[in-house]
$ cat protein.tsv   # TSV, C-alpha atoms
chain	number	residue	atom	x	y	z
A	1	ILE	CA	8.27	-4.15	12.51
A	2	ALA	CA	7.14	-1.48	10.11
A	3	GLU	CA	8.39	1.86	9.00
A	4	GLU	CA	7.42	4.79	11.15
A	5	ALA	CA	7.29	7.25	8.25
A	6	LEU	CA	4.49	5.33	6.59
A	7	PHE	CA	2.51	5.12	9.80
A	8	LEU	CA	2.95	8.81	10.60
A	9	LEU	CA	1.83	9.81	7.12
A	10	LEU	CA	-1.17	7.51	7.35
A	11	HIS	CA	-2.10	8.99	10.70
A	12	ASN	CA	-1.68	12.47	9.27
A	13	GLU	CA	-4.06	11.74	6.43
A	14	MET	CA	-6.53	10.21	8.86
A	15	VAL	CA	-6.43	13.25	11.07
A	16	SER	CA	-6.99	15.71	8.24
A	17	GLY	CA	-9.48	13.62	6.35
A	18	VAL	CA	-11.53	11.34	8.52
A	19	TYR	CA	-11.52	13.35	11.73
A	20	LYS	CA	-12.52	16.57	10.03
A	21	SER	CA	-15.40	15.10	8.10
A	22	ALA	CA	-17.32	13.76	11.06
A	23	GLU	CA	-19.05	16.74	12.65
A	24	GLN	CA	-20.21	14.49	15.46
A	25	GLY	CA	-16.56	14.58	16.35
A	26	GLU	CA	-14.59	12.68	18.93
A	27	VAL	CA	-17.10	9.97	19.71
A	28	GLU	CA	-17.35	8.59	16.22
A	29	ASN	CA	-13.69	8.75	15.40
A	30	GLY	CA	-12.67	7.54	18.81
A	31	GLN	CA	-14.66	4.42	18.00
A	32	CYS	CA	-12.53	3.36	15.12
A	33	ILE	CA	-9.33	3.90	17.02
A	34	THR	CA	-10.82	2.08	20.00
A	35	LYS	CA	-10.87	-0.99	17.79
A	36	VAL	CA	-7.14	-0.55	17.23
A	37	GLY	CA	-6.58	-0.45	20.98
A	38	GLN	CA	-8.65	-3.60	21.38
A	39	GLY	CA	-6.83	-5.41	18.64
A	40	LEU	CA	-3.45	-4.42	20.04
A	41	THR	CA	-4.20	-5.65	23.54
A	42	GLU	CA	-5.45	-8.92	22.10
A	43	ARG	CA	-2.20	-9.41	20.23
A	44	LEU	CA	-0.01	-8.34	23.10
A	45	THR	CA	-1.69	-10.40	25.79
A	46	LYS	CA	-2.05	-13.54	23.73
A	47	ASP	CA	0.57	-15.47	25.64
A	48	THR	CA	0.62	-13.71	28.98
A	49	ALA	CA	-0.95	-14.87	32.22
A	50	ARG	CA	-4.27	-13.47	33.45
A	51	PHE	CA	-4.10	-10.07	35.10
A	52	LYS	CA	-4.53	-10.12	38.85
A	53	ASP	CA	-6.34	-6.83	39.31
A	54	GLU	CA	-6.88	-3.40	37.86
A	55	LEU	CA	-3.55	-2.09	38.95
A	56	ASP	CA	-1.90	-4.93	37.07
A	57	ILE	CA	-3.85	-3.95	33.98
A	58	MET	CA	-2.86	-0.31	34.32
A	59	LYS	CA	0.75	-1.33	34.70
A	60	PHE	CA	0.45	-3.32	31.49
A	61	ILE	CA	-0.94	-0.28	29.72
A	62	CYS	CA	1.86	1.90	31.03
A	63	LYS	CA	4.67	-0.47	30.20
A	64	ASP	CA	4.07	-2.98	27.44
A	65	PHE	CA	1.20	-1.32	25.64
A	66	TRP	CA	2.65	2.17	25.74
A	67	THR	CA	6.07	0.96	24.70
A	68	THR	CA	4.55	-0.82	21.72
A	69	VAL	CA	2.89	2.33	20.54
A	70	PHE	CA	5.28	5.07	21.59
A	71	LYS	CA	8.49	3.16	22.09
A	72	LYS	CA	8.88	4.14	25.72
A	73	GLN	CA	7.00	3.72	28.95
A	74	ILE	CA	4.65	6.19	30.54
A	75	ASP	CA	6.58	8.45	32.85
A	76	ASN	CA	4.33	8.34	35.82
A	77	LEU	CA	1.36	6.37	37.10
A	78	ARG	CA	-0.52	7.72	40.09
A	79	THR	CA	-3.87	7.04	41.62
A	80	ASN	CA	-6.06	8.93	43.99
A	81	HIS	CA	-8.48	6.02	44.29
A	82	GLN	CA	-11.01	7.93	42.27
A	83	SER	CA	-9.15	8.12	39.03
A	84	ILE	CA	-5.87	6.94	37.78
A	85	TYR	CA	-3.46	9.41	36.27
A	86	LEU	CA	-1.00	8.57	33.54
A	87	SER	CA	1.60	11.15	32.77
A	88	ALA	CA	3.14	10.86	29.36
A	89	GLY	CA	5.98	13.30	29.44
A	90	LYS	CA	8.40	14.44	26.83
A	91	GLN	CA	7.49	12.10	24.01
A	92	TYR	CA	4.60	14.38	23.08
A	93	LEU	CA	6.91	17.11	21.94
A	94	GLU	CA	6.32	16.66	18.23
A	95	HIS	CA	3.02	14.93	18.09
A	96	ALA	CA	0.85	16.43	20.83
A	97	SER	CA	-2.54	17.32	19.46
A	98	LYS	CA	-2.54	14.83	16.63
A	99	TYR	CA	-1.96	11.94	18.91
A	100	LEU	CA	-4.37	12.97	21.64
A	101	ALA	CA	-7.48	11.68	19.93
A	102	PHE	CA	-5.61	8.63	18.77
A	103	THR	CA	-4.35	7.95	22.27
A	104	TYR	CA	-7.79	8.30	23.94
A	105	GLY	CA	-9.07	5.63	21.64
A	106	LEU	CA	-6.11	3.37	22.19
A	107	ILE	CA	-6.32	3.54	25.98
A	108	ARG	CA	-10.10	3.07	26.05
A	109	GLY	CA	-9.97	0.24	23.57
A	110	GLY	CA	-7.11	-1.45	25.30
A	111	LEU	CA	-8.78	-1.26	28.69
A	112	SER	CA	-12.18	-2.33	27.38
A	113	ASN	CA	-10.68	-5.46	25.91
A	114	LEU	CA	-9.19	-6.27	29.29
A	115	GLY	CA	-12.59	-5.91	30.94
A	116	ILE	CA	-12.40	-2.34	32.15
A	117	LYS	CA	-14.88	0.37	31.19
A	118	SER	CA	-13.32	3.76	31.44
A	119	ILE	CA	-13.47	7.40	30.53
A	120	VAL	CA	-10.23	8.94	29.41
A	121	THR	CA	-9.48	12.61	29.40
A	122	ALA	CA	-6.28	14.39	28.58
A	123	GLU	CA	-4.68	17.51	29.83
A	124	VAL	CA	-1.86	19.32	28.17
A	125	SER	CA	-1.04	21.89	30.78
A	126	SER	CA	2.59	22.35	29.90
A	127	MET	CA	3.94	21.29	26.57
A	128	PRO	CA	5.51	18.90	25.85
A	129	ALA	CA	4.15	16.89	28.73
A	130	CYS	CA	0.69	15.40	28.61
A	131	LYS	CA	-1.37	13.90	31.36
A	132	PHE	CA	-4.08	11.30	30.77
A	133	GLN	CA	-6.69	10.72	33.37
A	134	VAL	CA	-8.39	7.35	33.34
A	135	MET	CA	-11.61	7.05	35.34
A	136	ILE	CA	-12.53	3.45	35.86
A	137	GLN	CA	-16.20	2.59	36.16
A	138	LYS	CA	-15.88	0.42	39.21
A	139	LEU	CA	-14.25	3.25	41.07
A	140	TRP	CA	-17.09	5.63	40.12
A	141	ASN	CA	-19.55	3.30	41.76
A	142	THR	CA	-17.84	3.67	45.07
A	143	LEU	CA	-18.16	7.44	44.96
A	144	LYS	CA	-21.18	8.86	46.71
X	1	MET	CA	22.27	-6.03	4.12
X	2	SER	CA	24.51	-3.21	5.31
X	3	ARG	CA	23.11	0.17	6.17
X	4	PRO	CA	24.66	3.60	5.80
X	5	ALA	CA	26.53	4.59	8.96
X	6	HIS	CA	24.37	7.58	9.82
X	7	ARG	CA	21.13	5.61	9.96
X	8	ARG	CA	19.74	4.68	13.35
X	9	PRO	CA	17.60	1.63	12.63
X	10	GLU	CA	15.59	1.68	15.88
X	11	TYR	CA	14.44	5.22	15.42
X	12	HIS	CA	12.44	4.57	12.28
X	13	LYS	CA	10.53	1.50	13.35
X	14	ILE	CA	7.13	1.01	14.86
X	15	ASN	CA	5.11	-2.00	15.82
X	16	LYS	CA	3.67	-3.62	12.71
X	17	ASP	CA	0.44	-4.71	14.41
X	18	LEU	CA	-0.27	-1.10	15.31
X	19	PHE	CA	0.08	-0.09	11.69
X	20	VAL	CA	-1.98	-2.95	10.29
X	21	LEU	CA	-4.72	-2.49	12.90
X	22	THR	CA	-4.84	1.26	12.30
X	23	TYR	CA	-5.23	0.67	8.59
X	24	GLY	CA	-8.04	-1.77	9.27
X	25	ALA	CA	-9.78	0.72	11.53
X	26	LEU	CA	-9.50	3.32	8.78
X	27	VAL	CA	-11.09	1.05	6.18
X	28	ALA	CA	-13.83	0.08	8.64
X	29	GLN	CA	-14.56	3.74	9.31
X	30	LEU	CA	-14.68	4.51	5.58
X	31	CYS	CA	-17.10	1.64	5.04
X	32	LYS	CA	-19.35	3.23	7.63
X	33	ASP	CA	-19.06	6.64	6.01
X	34	TYR	CA	-19.55	5.57	2.41
X	35	GLU	CA	-22.17	3.15	1.13
X	36	LYS	CA	-20.62	2.45	-2.24
X	37	ASP	CA	-17.44	0.42	-2.62
X	38	GLU	CA	-16.22	2.70	-5.42
X	39	ASP	CA	-16.36	5.67	-3.05
X	40	VAL	CA	-14.31	3.89	-0.42
X	41	ASN	CA	-11.83	2.78	-3.08
X	42	LYS	CA	-11.57	6.31	-4.42
X	43	TYR	CA	-11.05	7.77	-0.97
X	44	LEU	CA	-8.35	5.24	-0.13
X	45	ASP	CA	-6.63	6.02	-3.43
X	46	LYS	CA	-6.79	9.74	-2.69
X	47	MET	CA	-5.35	9.29	0.80
X	48	GLY	CA	-2.67	7.06	-0.62
X	49	TYR	CA	-1.81	9.68	-3.19
X	50	GLY	CA	-1.30	12.26	-0.44
X	51	ILE	CA	0.90	9.83	1.45
X	52	GLY	CA	2.89	8.83	-1.63
X	53	THR	CA	3.79	12.40	-2.53
X	54	ARG	CA	5.47	12.71	0.85
X	55	LEU	CA	6.71	9.20	1.31
X	56	VAL	CA	8.84	9.43	-1.82
X	57	GLU	CA	11.02	12.02	-0.08
X	58	ASP	CA	11.58	9.70	2.82
X	59	PHE	CA	12.33	6.87	0.42
X	60	LEU	CA	14.83	8.81	-1.67
X	61	ALA	CA	16.55	10.12	1.43
X	62	ARG	CA	17.00	6.68	2.92
X	63	SER	CA	17.65	4.41	0.00
X	64	CYS	CA	20.64	4.71	-2.28
X	65	VAL	CA	18.91	4.00	-5.54
X	66	ARG	CA	20.76	4.90	-8.67
X	67	ARG	CA	19.49	6.73	-11.70
X	68	CYS	CA	17.00	4.71	-13.71
X	69	HIS	CA	16.85	4.44	-17.44
X	70	SER	CA	13.73	2.44	-18.03
X	71	TYR	CA	10.30	1.78	-16.63
X	72	SER	CA	11.25	-1.76	-15.79
X	73	GLU	CA	14.15	-0.58	-13.65
X	74	ILE	CA	11.76	1.69	-11.82
X	75	VAL	CA	9.25	-1.07	-11.16
X	76	ASP	CA	12.07	-3.34	-9.98
X	77	ILE	CA	13.08	-0.72	-7.46
X	78	ILE	CA	9.50	-0.27	-6.28
X	79	ALA	CA	9.23	-4.01	-5.72
X	80	GLN	CA	12.65	-4.79	-4.32
X	81	VAL	CA	13.54	-1.68	-2.37
X	82	ALA	CA	10.42	0.31	-1.56
X	83	PHE	CA	8.03	-2.53	-0.76
X	84	LYS	CA	10.76	-4.20	1.25
X	85	MET	CA	11.48	-1.04	3.19
X	86	TYR	CA	7.92	-0.11	4.03
X	87	LEU	CA	5.96	-3.33	4.07
X	88	GLY	CA	8.64	-5.94	4.51
X	89	ILE	CA	7.73	-7.91	1.39
X	90	THR	CA	9.21	-8.23	-2.08
X	91	PRO	CA	6.60	-8.69	-4.78
X	92	SER	CA	7.67	-10.25	-8.03
X	93	VAL	CA	7.53	-8.19	-11.20
X	94	THR	CA	6.20	-9.10	-14.61
X	95	CYS	CA	5.97	-7.01	-17.74
X	96	ASN	CA	2.64	-7.24	-19.45
X	97	ASN	CA	3.18	-5.81	-22.89
X	98	SER	CA	5.75	-5.45	-25.59
X	99	SER	CA	5.91	-1.67	-25.44
X	100	ARG	CA	7.15	-2.24	-21.91
X	101	ASN	CA	5.04	0.31	-20.10
X	102	GLU	CA	2.63	-2.06	-18.38
X	103	PHE	CA	3.81	-4.02	-15.39
X	104	SER	CA	2.43	-6.14	-12.61
X	105	LEU	CA	3.56	-6.60	-9.05
X	106	ILE	CA	2.54	-9.98	-7.73
X	107	LEU	CA	2.18	-10.19	-3.96
X	108	ASP	CA	2.10	-13.61	-2.34
X	109	LYS	CA	1.60	-12.11	1.03
X	110	ASN	CA	-0.21	-8.91	1.86
X	111	PRO	CA	0.78	-7.60	5.29
X	112	LEU	CA	-1.94	-4.94	5.32
X	113	ALA	CA	-4.60	-7.61	5.11
X	114	GLU	CA	-3.04	-9.88	7.70
X	115	PHE	CA	-5.97	-9.68	10.09
X	116	VAL	CA	-8.68	-9.67	7.44
X	117	GLU	CA	-10.51	-12.96	7.19
X	118	ALA	CA	-12.88	-11.93	4.44
X	119	LEU	CA	-14.38	-8.82	2.93
X	120	PRO	CA	-17.56	-7.74	4.76
X	121	ALA	CA	-20.88	-8.86	3.29
X	122	GLY	CA	-22.04	-6.59	0.49
X	123	ARG	CA	-18.54	-5.22	-0.03
X	124	SER	CA	-17.35	-7.48	-2.77
X	125	SER	CA	-15.87	-4.69	-4.88
X	126	LEU	CA	-13.91	-3.19	-2.04
X	127	CYS	CA	-10.21	-2.87	-2.83
X	128	TYR	CA	-9.04	-3.20	0.73
X	129	CYS	CA	-5.46	-2.12	0.02
X	130	ASN	CA	-6.24	0.61	-2.45
X	131	LEU	CA	-4.16	2.96	-0.34
X	132	VAL	CA	-1.08	1.23	-1.77
X	133	CYS	CA	-2.11	2.05	-5.34
X	134	GLY	CA	-2.52	5.70	-4.41
X	135	ILE	CA	0.87	5.72	-2.69
X	136	ILE	CA	2.64	4.36	-5.77
X	137	ARG	CA	0.80	6.78	-8.05
X	138	GLY	CA	1.58	9.79	-5.83
X	139	ALA	CA	5.22	8.88	-5.45
X	140	LEU	CA	5.72	8.36	-9.18
X	141	GLU	CA	4.08	11.67	-9.94
X	142	MET	CA	6.54	13.44	-7.66
X	143	VAL	CA	9.30	12.23	-9.93
X	144	ASN	CA	7.49	13.30	-13.07
X	145	LEU	CA	6.04	9.97	-14.05
X	146	ALA	CA	2.32	9.66	-14.64
X	147	ALA	CA	0.93	6.18	-14.11
X	148	ASP	CA	-2.30	4.31	-13.60
X	149	VAL	CA	-2.08	1.98	-10.66
X	150	THR	CA	-4.85	-0.46	-9.82
X	151	PHE	CA	-5.50	-3.85	-8.34
X	152	LEU	CA	-5.84	-6.44	-11.08
X	153	GLN	CA	-6.32	-9.39	-8.76
X	154	ASP	CA	-7.00	-9.58	-5.05
X	155	ARG	CA	-6.70	-12.56	-2.75
X	156	LEU	CA	-9.43	-11.07	-0.56
X	157	LYS	CA	-11.79	-11.32	-3.51
X	158	GLY	CA	-11.00	-14.94	-4.12
X	159	ASP	CA	-8.19	-14.67	-6.63
X	160	SER	CA	-5.13	-16.82	-6.16
X	161	VAL	CA	-2.73	-13.91	-5.79
X	162	THR	CA	-2.83	-10.20	-5.24
X	163	GLU	CA	-1.68	-8.32	-8.32
X	164	ILE	CA	-1.10	-4.60	-8.68
X	165	GLY	CA	-0.92	-3.25	-12.23
X	166	ILE	CA	1.20	-0.21	-13.05
X	167	THR	CA	0.75	1.41	-16.46
X	168	PHE	CA	3.06	4.28	-17.27
X	169	LEU	CA	1.26	6.96	-19.23
X	170	LYS	CA	3.89	9.40	-20.34
X	171	LYS	CA	7.02	8.55	-22.22
X	172	LEU	CA	9.99	8.62	-19.91
X	173	ASP	CA	12.12	11.63	-20.80
X	174	GLU	CA	15.73	10.57	-20.37
X	175	LYS	CA	16.92	14.04	-19.58
X	176	LYS	CA	14.43	14.37	-16.78
X	177	CYS	CA	14.93	10.88	-15.49
X	178	ARG	CA	15.44	10.88	-11.74
X	179	ARG	CA	15.52	8.35	-8.98
X	180	LYS	CA	12.05	7.28	-8.06
X	181	LYS	CA	10.01	5.17	-5.73
$ encode --input "protein.tsv" --output "structure tokens"
Amino acid sequence: IAEEALFLLLHNEMVSGVYKSAEQGEVENGQCITKVGQGLTERLTKDTARFKDELDIMKFICKDFWTTVFKKQIDNLRTNHQSIYLSAGKQYLEHASKYLAFTYGLIRGGLSNLGIKSIVTAEVSSMPACKFQVMIQKLWNTLK
Amino acid sequence: MSRPAHRRPEYHKINKDLFVLTYGALVAQLCKDYEKDEDVNKYLDKMGYGIGTRLVEDFLARSCVRRCHSYSEIVDIIAQVAFKMYLGITPSVTCNNSSRNEFSLILDKNPLAEFVEALPAGRSSLCYCNLVCGIIRGALEMVNLAADVTFLQDRLKGDSVTEIGITFLKKLDEKKCRRKK
């Protein structure tokens, strides 16, 4: 357990300092946060049983992983068999844009450590809700 | 320890691993961006300073520290209240000189470095937790106290303990004395 204020301030400084300085942008900074996602999933899945399939992994991301980071579960998980949609809902009220880049990295890192290569995009069509779309590589391969 | 009635403990907490891992990712990124250890250390100190100037507000709002009358009282509060609140540890305090403006905080355990096995090769002068020095310096400055804060010893560099040195630079004006971090 740690204090939220310290973490939020650290994140704030990271956003204004580190993110701004890299002109190359998202890719480079996403990388360092991806490591955080990887580390987190390692810690969280240390004592749990192996995941059965991708849906199981996505459920883990939506429940345990998301709760660890944002203190509540993802509102909605849907799939159209081409991508998987995660809908994050009201919790983004205060932290929307700041957390977007952070969240991409976390989801990608978390999934990559569980054996899934993915592309994550986010859509903020109506504040405060936010929708993350996770395209899983295996599913791409089945598309013509 | 009892808490004031209005405080909602759950609201202010986050997962510690998330925080420690994020800090590690930050330091890793800075090591990629800057070749020299001194530059990374300076950047961490600067970030910490920015955090400290804001964190002190949060600290003063949530702790019920009383007015202080000496530097040693201030350092005691940093060690026993602030470190406990934000990092969950209580470093011990020693005073290093007779004019009583130089102090050390001795940390047996360093939660920020929990997942660090060793400093990367070629980074032997890296002060991994330099953010903390900046935070203390920034917070003290917000309550009108100028101080030099540096790492005197670091377990990650092979020392037996981690020691943070705080040297107060300006004489504490009693009239202006306020509660501090």
$ closest_residue --input "protein.tsv" --among "X:Val161, X:Leu169, X:Val143, X:Met85" --to "chain A" --atoms "all atoms listed in the file"
X:Met85
$ residues_around --input "protein.tsv" --residues "segment 144-150 of chain X" --least-positions-apart "3" --cutoff "8 Å" --atoms "all atoms listed in the file" --output "JSON, numbers by chain"
{"X": [130, 133, 134, 136, 137, 140, 141, 164, 165, 166, 167, 168, 169, 170, 172, 176]}
$ residues_around --input "protein.tsv" --residues "Lys117 of chain A" --least-positions-apart "4" --cutoff "8 Å" --atoms "all atoms listed in the file" --output "number ranges by chain"
A: 108, 111-112, 136-137
$ write_last_selection --input "protein.tsv" --atoms "C-alpha atoms" --output "PDB file, keeping the file's coordinate frame"
ATOM      1  CA  ARG A 108     -10.100   3.070  26.050  1.00  0.00           C
ATOM      2  CA  LEU A 111      -8.780  -1.260  28.690  1.00  0.00           C
ATOM      3  CA  SER A 112     -12.180  -2.330  27.380  1.00  0.00           C
ATOM      4  CA  ILE A 136     -12.530   3.450  35.860  1.00  0.00           C
ATOM      5  CA  GLN A 137     -16.200   2.590  36.160  1.00  0.00           C
TER       6      GLN A 137
END
$ closest_residue --input "protein.tsv" --among "A:Ala122, A:Leu114, A:Met135, A:Ala88" --to "Phe60 of chain A" --atoms "only C-alpha atoms"
A:Leu114
$ closest_atom_pairs --input "protein.tsv" --of "chain X" --to "chain A" --cutoff "8 Å" --atoms "all atoms listed in the file" --output "tab-separated table"
residue	atom	partner	partner_atom	distance
X:His12	CA	A:Glu4	CA	5.2
X:Lys13	CA	A:Glu3	CA	4.9
X:Ile14	CA	A:Glu4	CA	5.3
X:Asn15	CA	A:Ile1	CA	5.1
X:Lys16	CA	A:Ile1	CA	4.6
X:Asp17	CA	A:Leu40	CA	6.8
X:Leu18	CA	A:Leu40	CA	6.6
X:Phe19	CA	A:Phe7	CA	6.1
X:Leu21	CA	A:Val36	CA	5.3
X:Thr22	CA	A:Val36	CA	5.7
X:Ala25	CA	A:Cys32	CA	5.2
X:Leu26	CA	A:Cys32	CA	7.0
X:Ala28	CA	A:Cys32	CA	7.4
X:Gln29	CA	A:Cys32	CA	6.2
X:Met47	CA	A:Glu13	CA	6.3
X:Gly50	CA	A:Glu13	CA	7.4
X:Ile51	CA	A:Leu9	CA	5.7
X:Arg54	CA	A:Leu9	CA	7.8
X:Leu55	CA	A:Leu6	CA	6.9
X:Asp58	CA	A:Ala5	CA	7.3
X:Met85	CA	A:Glu3	CA	7.2
X:Tyr86	CA	A:Glu3	CA	5.4
X:Leu87	CA	A:Ala2	CA	6.4
X:Gly88	CA	A:Ala2	CA	7.3
$ atom_distance --input "protein.tsv" --atom1 "atom CA of Asn76 of chain A" --atom2 "atom CA of Ile119 of chain A"
18.6 Å
$ atom_distance --input "protein.tsv" --atom1 "atom CA of Phe103 of chain X" --atom2 "atom CA of Ser72 of chain X"
7.8 Å
$ atom_distance --input "protein.tsv" --atom1 "atom CA of Leu86 of chain A" --atom2 "atom CA of Arg50 of chain A"
22.3 Å
$ closest_residue --input "protein.tsv" --among "X:Tyr23, X:Tyr49, X:Phe151, X:Tyr43" --to "Leu105 of chain X" --atoms "only C-alpha atoms"
X:Phe151
$ axis_aligned_box --input "protein.tsv" --around "segment 73-83 of chain A" --padding-each-side "4 Å" --output "AutoDock Vina command-line options"
--center_x -2.0 --center_y 6.3 --center_z 36.6 --size_x 26.0 --size_y 13.2 --size_z 23.3
$ residues_around --input "protein.tsv" --residues "Tyr128 of chain X" --least-positions-apart "4" --cutoff "12 Å" --atoms "all atoms listed in the file" --output "mmCIF file with C-alpha atoms, keeping the file's coordinate frame"
data_model
loop_
_atom_site.group_PDB
_atom_site.id
_atom_site.type_symbol
_atom_site.label_atom_id
_atom_site.label_comp_id
_atom_site.auth_asym_id
_atom_site.auth_seq_id
_atom_site.Cartn_x
_atom_site.Cartn_y
_atom_site.Cartn_z
ATOM 1 C CA VAL X 20 -1.980 -2.950 10.290
ATOM 2 C CA TYR X 23 -5.230 0.670 8.590
ATOM 3 C CA GLY X 24 -8.040 -1.770 9.270
ATOM 4 C CA ALA X 25 -9.780 0.720 11.530
ATOM 5 C CA LEU X 26 -9.500 3.320 8.780
ATOM 6 C CA VAL X 27 -11.090 1.050 6.180
ATOM 7 C CA ALA X 28 -13.830 0.080 8.640
ATOM 8 C CA LEU X 30 -14.680 4.510 5.580
ATOM 9 C CA CYS X 31 -17.100 1.640 5.040
ATOM 10 C CA ASP X 37 -17.440 0.420 -2.620
ATOM 11 C CA GLU X 38 -16.220 2.700 -5.420
ATOM 12 C CA VAL X 40 -14.310 3.890 -0.420
ATOM 13 C CA ASN X 41 -11.830 2.780 -3.080
ATOM 14 C CA LYS X 42 -11.570 6.310 -4.420
ATOM 15 C CA TYR X 43 -11.050 7.770 -0.970
ATOM 16 C CA LEU X 44 -8.350 5.240 -0.130
ATOM 17 C CA ASP X 45 -6.630 6.020 -3.430
ATOM 18 C CA ASN X 110 -0.210 -8.910 1.860
ATOM 19 C CA PRO X 111 0.780 -7.600 5.290
ATOM 20 C CA LEU X 112 -1.940 -4.940 5.320
ATOM 21 C CA ALA X 113 -4.600 -7.610 5.110
ATOM 22 C CA GLU X 114 -3.040 -9.880 7.700
ATOM 23 C CA PHE X 115 -5.970 -9.680 10.090
ATOM 24 C CA VAL X 116 -8.680 -9.670 7.440
ATOM 25 C CA GLU X 117 -10.510 -12.960 7.190
ATOM 26 C CA ALA X 118 -12.880 -11.930 4.440
ATOM 27 C CA LEU X 119 -14.380 -8.820 2.930
ATOM 28 C CA PRO X 120 -17.560 -7.740 4.760
ATOM 29 C CA ARG X 123 -18.540 -5.220 -0.030
ATOM 30 C CA SER X 124 -17.350 -7.480 -2.770
ATOM 31 C CA VAL X 132 -1.080 1.230 -1.770
ATOM 32 C CA CYS X 133 -2.110 2.050 -5.340
ATOM 33 C CA THR X 150 -4.850 -0.460 -9.820
ATOM 34 C CA PHE X 151 -5.500 -3.850 -8.340
ATOM 35 C CA GLN X 153 -6.320 -9.390 -8.760
ATOM 36 C CA ASP X 154 -7.000 -9.580 -5.050
ATOM 37 C CA ARG X 155 -6.700 -12.560 -2.750
ATOM 38 C CA LEU X 156 -9.430 -11.070 -0.560
ATOM 39 C CA LYS X 157 -11.790 -11.320 -3.510
ATOM 40 C CA THR X 162 -2.830 -10.200 -5.240
#
$ residues_around --input "protein.tsv" --residues "Val56 of chain X" --least-positions-apart "2" --cutoff "8 Å" --atoms "only C-alpha atoms" --output "list of chain:residue names"
X:Gly52, X:Thr53, X:Arg54, X:Asp58, X:Phe59, X:Leu60, X:Ala139, X:Met142, X:Lys180, X:Lys181
$ residues_around --input "protein.tsv" --residues "Gly122 of chain X" --least-positions-apart "4" --cutoff "10 Å" --atoms "only C-alpha atoms" --output "ChimeraX atom specification"
/X:35-37,126
$ closest_residue --input "protein.tsv" --among "A:Met58, A:Cys130, A:Ile116, A:Val15" --to "Arg78 of chain A" --atoms "all atoms listed in the file"
A:Met58
$ residues_near_point --input "protein.tsv" --point "(7.8, -2.9, 30.9)" --cutoff "7 Å" --atoms "only C-alpha atoms" --output "short mmCIF file (atom, residue, chain, number, x, y, z; two decimals) with C-alpha atoms, keeping the file's coordinate frame"
data_model
loop_
_atom_site.label_atom_id
_atom_site.label_comp_id
_atom_site.auth_asym_id
_atom_site.auth_seq_id
_atom_site.Cartn_x
_atom_site.Cartn_y
_atom_site.Cartn_z
CA LYS A 63 4.67 -0.47 30.20
CA ASP A 64 4.07 -2.98 27.44
CA GLN A 73 7.00 3.72 28.95
#
$ build_atoms --input "protein.tsv" --residues "segment 36-45 of chain A" --atoms "N, CA, C and O atoms" --output "PDB file, in the coordinates of the input"
ATOM      1  N   VAL A  36      -8.592  -0.321  17.331  1.00  0.00           N
ATOM      2  CA  VAL A  36      -7.140  -0.550  17.230  1.00  0.00           C
ATOM      3  C   VAL A  36      -6.585  -0.913  18.600  1.00  0.00           C
ATOM      4  O   VAL A  36      -5.804  -1.848  18.757  1.00  0.00           O
ATOM      5  N   GLY A  37      -7.036  -0.162  19.618  1.00  0.00           N
ATOM      6  CA  GLY A  37      -6.580  -0.450  20.980  1.00  0.00           C
ATOM      7  C   GLY A  37      -6.970  -1.864  21.386  1.00  0.00           C
ATOM      8  O   GLY A  37      -6.179  -2.600  21.993  1.00  0.00           O
ATOM      9  N   GLN A  38      -8.194  -2.255  21.022  1.00  0.00           N
ATOM     10  CA  GLN A  38      -8.650  -3.600  21.380  1.00  0.00           C
ATOM     11  C   GLN A  38      -7.819  -4.670  20.686  1.00  0.00           C
ATOM     12  O   GLN A  38      -7.386  -5.638  21.294  1.00  0.00           O
ATOM     13  N   GLY A  39      -7.616  -4.450  19.401  1.00  0.00           N
ATOM     14  CA  GLY A  39      -6.830  -5.410  18.640  1.00  0.00           C
ATOM     15  C   GLY A  39      -5.414  -5.543  19.186  1.00  0.00           C
ATOM     16  O   GLY A  39      -4.866  -6.636  19.316  1.00  0.00           O
ATOM     17  N   LEU A  40      -4.823  -4.409  19.524  1.00  0.00           N
ATOM     18  CA  LEU A  40      -3.450  -4.420  20.040  1.00  0.00           C
ATOM     19  C   LEU A  40      -3.347  -5.187  21.341  1.00  0.00           C
ATOM     20  O   LEU A  40      -2.419  -5.972  21.542  1.00  0.00           O
ATOM     21  N   THR A  41      -4.315  -4.945  22.260  1.00  0.00           N
ATOM     22  CA  THR A  41      -4.200  -5.650  23.540  1.00  0.00           C
ATOM     23  C   THR A  41      -4.408  -7.147  23.330  1.00  0.00           C
ATOM     24  O   THR A  41      -3.769  -7.965  23.978  1.00  0.00           O
ATOM     25  N   GLU A  42      -5.277  -7.500  22.385  1.00  0.00           N
ATOM     26  CA  GLU A  42      -5.450  -8.920  22.100  1.00  0.00           C
ATOM     27  C   GLU A  42      -4.137  -9.545  21.677  1.00  0.00           C
ATOM     28  O   GLU A  42      -3.742 -10.604  22.130  1.00  0.00           O
ATOM     29  N   ARG A  43      -3.452  -8.877  20.739  1.00  0.00           N
ATOM     30  CA  ARG A  43      -2.200  -9.410  20.230  1.00  0.00           C
ATOM     31  C   ARG A  43      -1.139  -9.460  21.318  1.00  0.00           C
ATOM     32  O   ARG A  43      -0.376 -10.414  21.443  1.00  0.00           O
ATOM     33  N   LEU A  44      -1.077  -8.411  22.110  1.00  0.00           N
ATOM     34  CA  LEU A  44      -0.010  -8.340  23.100  1.00  0.00           C
ATOM     35  C   LEU A  44      -0.215  -9.290  24.266  1.00  0.00           C
ATOM     36  O   LEU A  44       0.742  -9.732  24.879  1.00  0.00           O
ATOM     37  N   THR A  45      -1.477  -9.578  24.597  1.00  0.00           N
ATOM     38  CA  THR A  45      -1.690 -10.400  25.790  1.00  0.00           C
ATOM     39  C   THR A  45      -1.957 -11.849  25.447  1.00  0.00           C
ATOM     40  O   THR A  45      -2.272 -12.653  26.312  1.00  0.00           O
TER      41      THR A  45
END
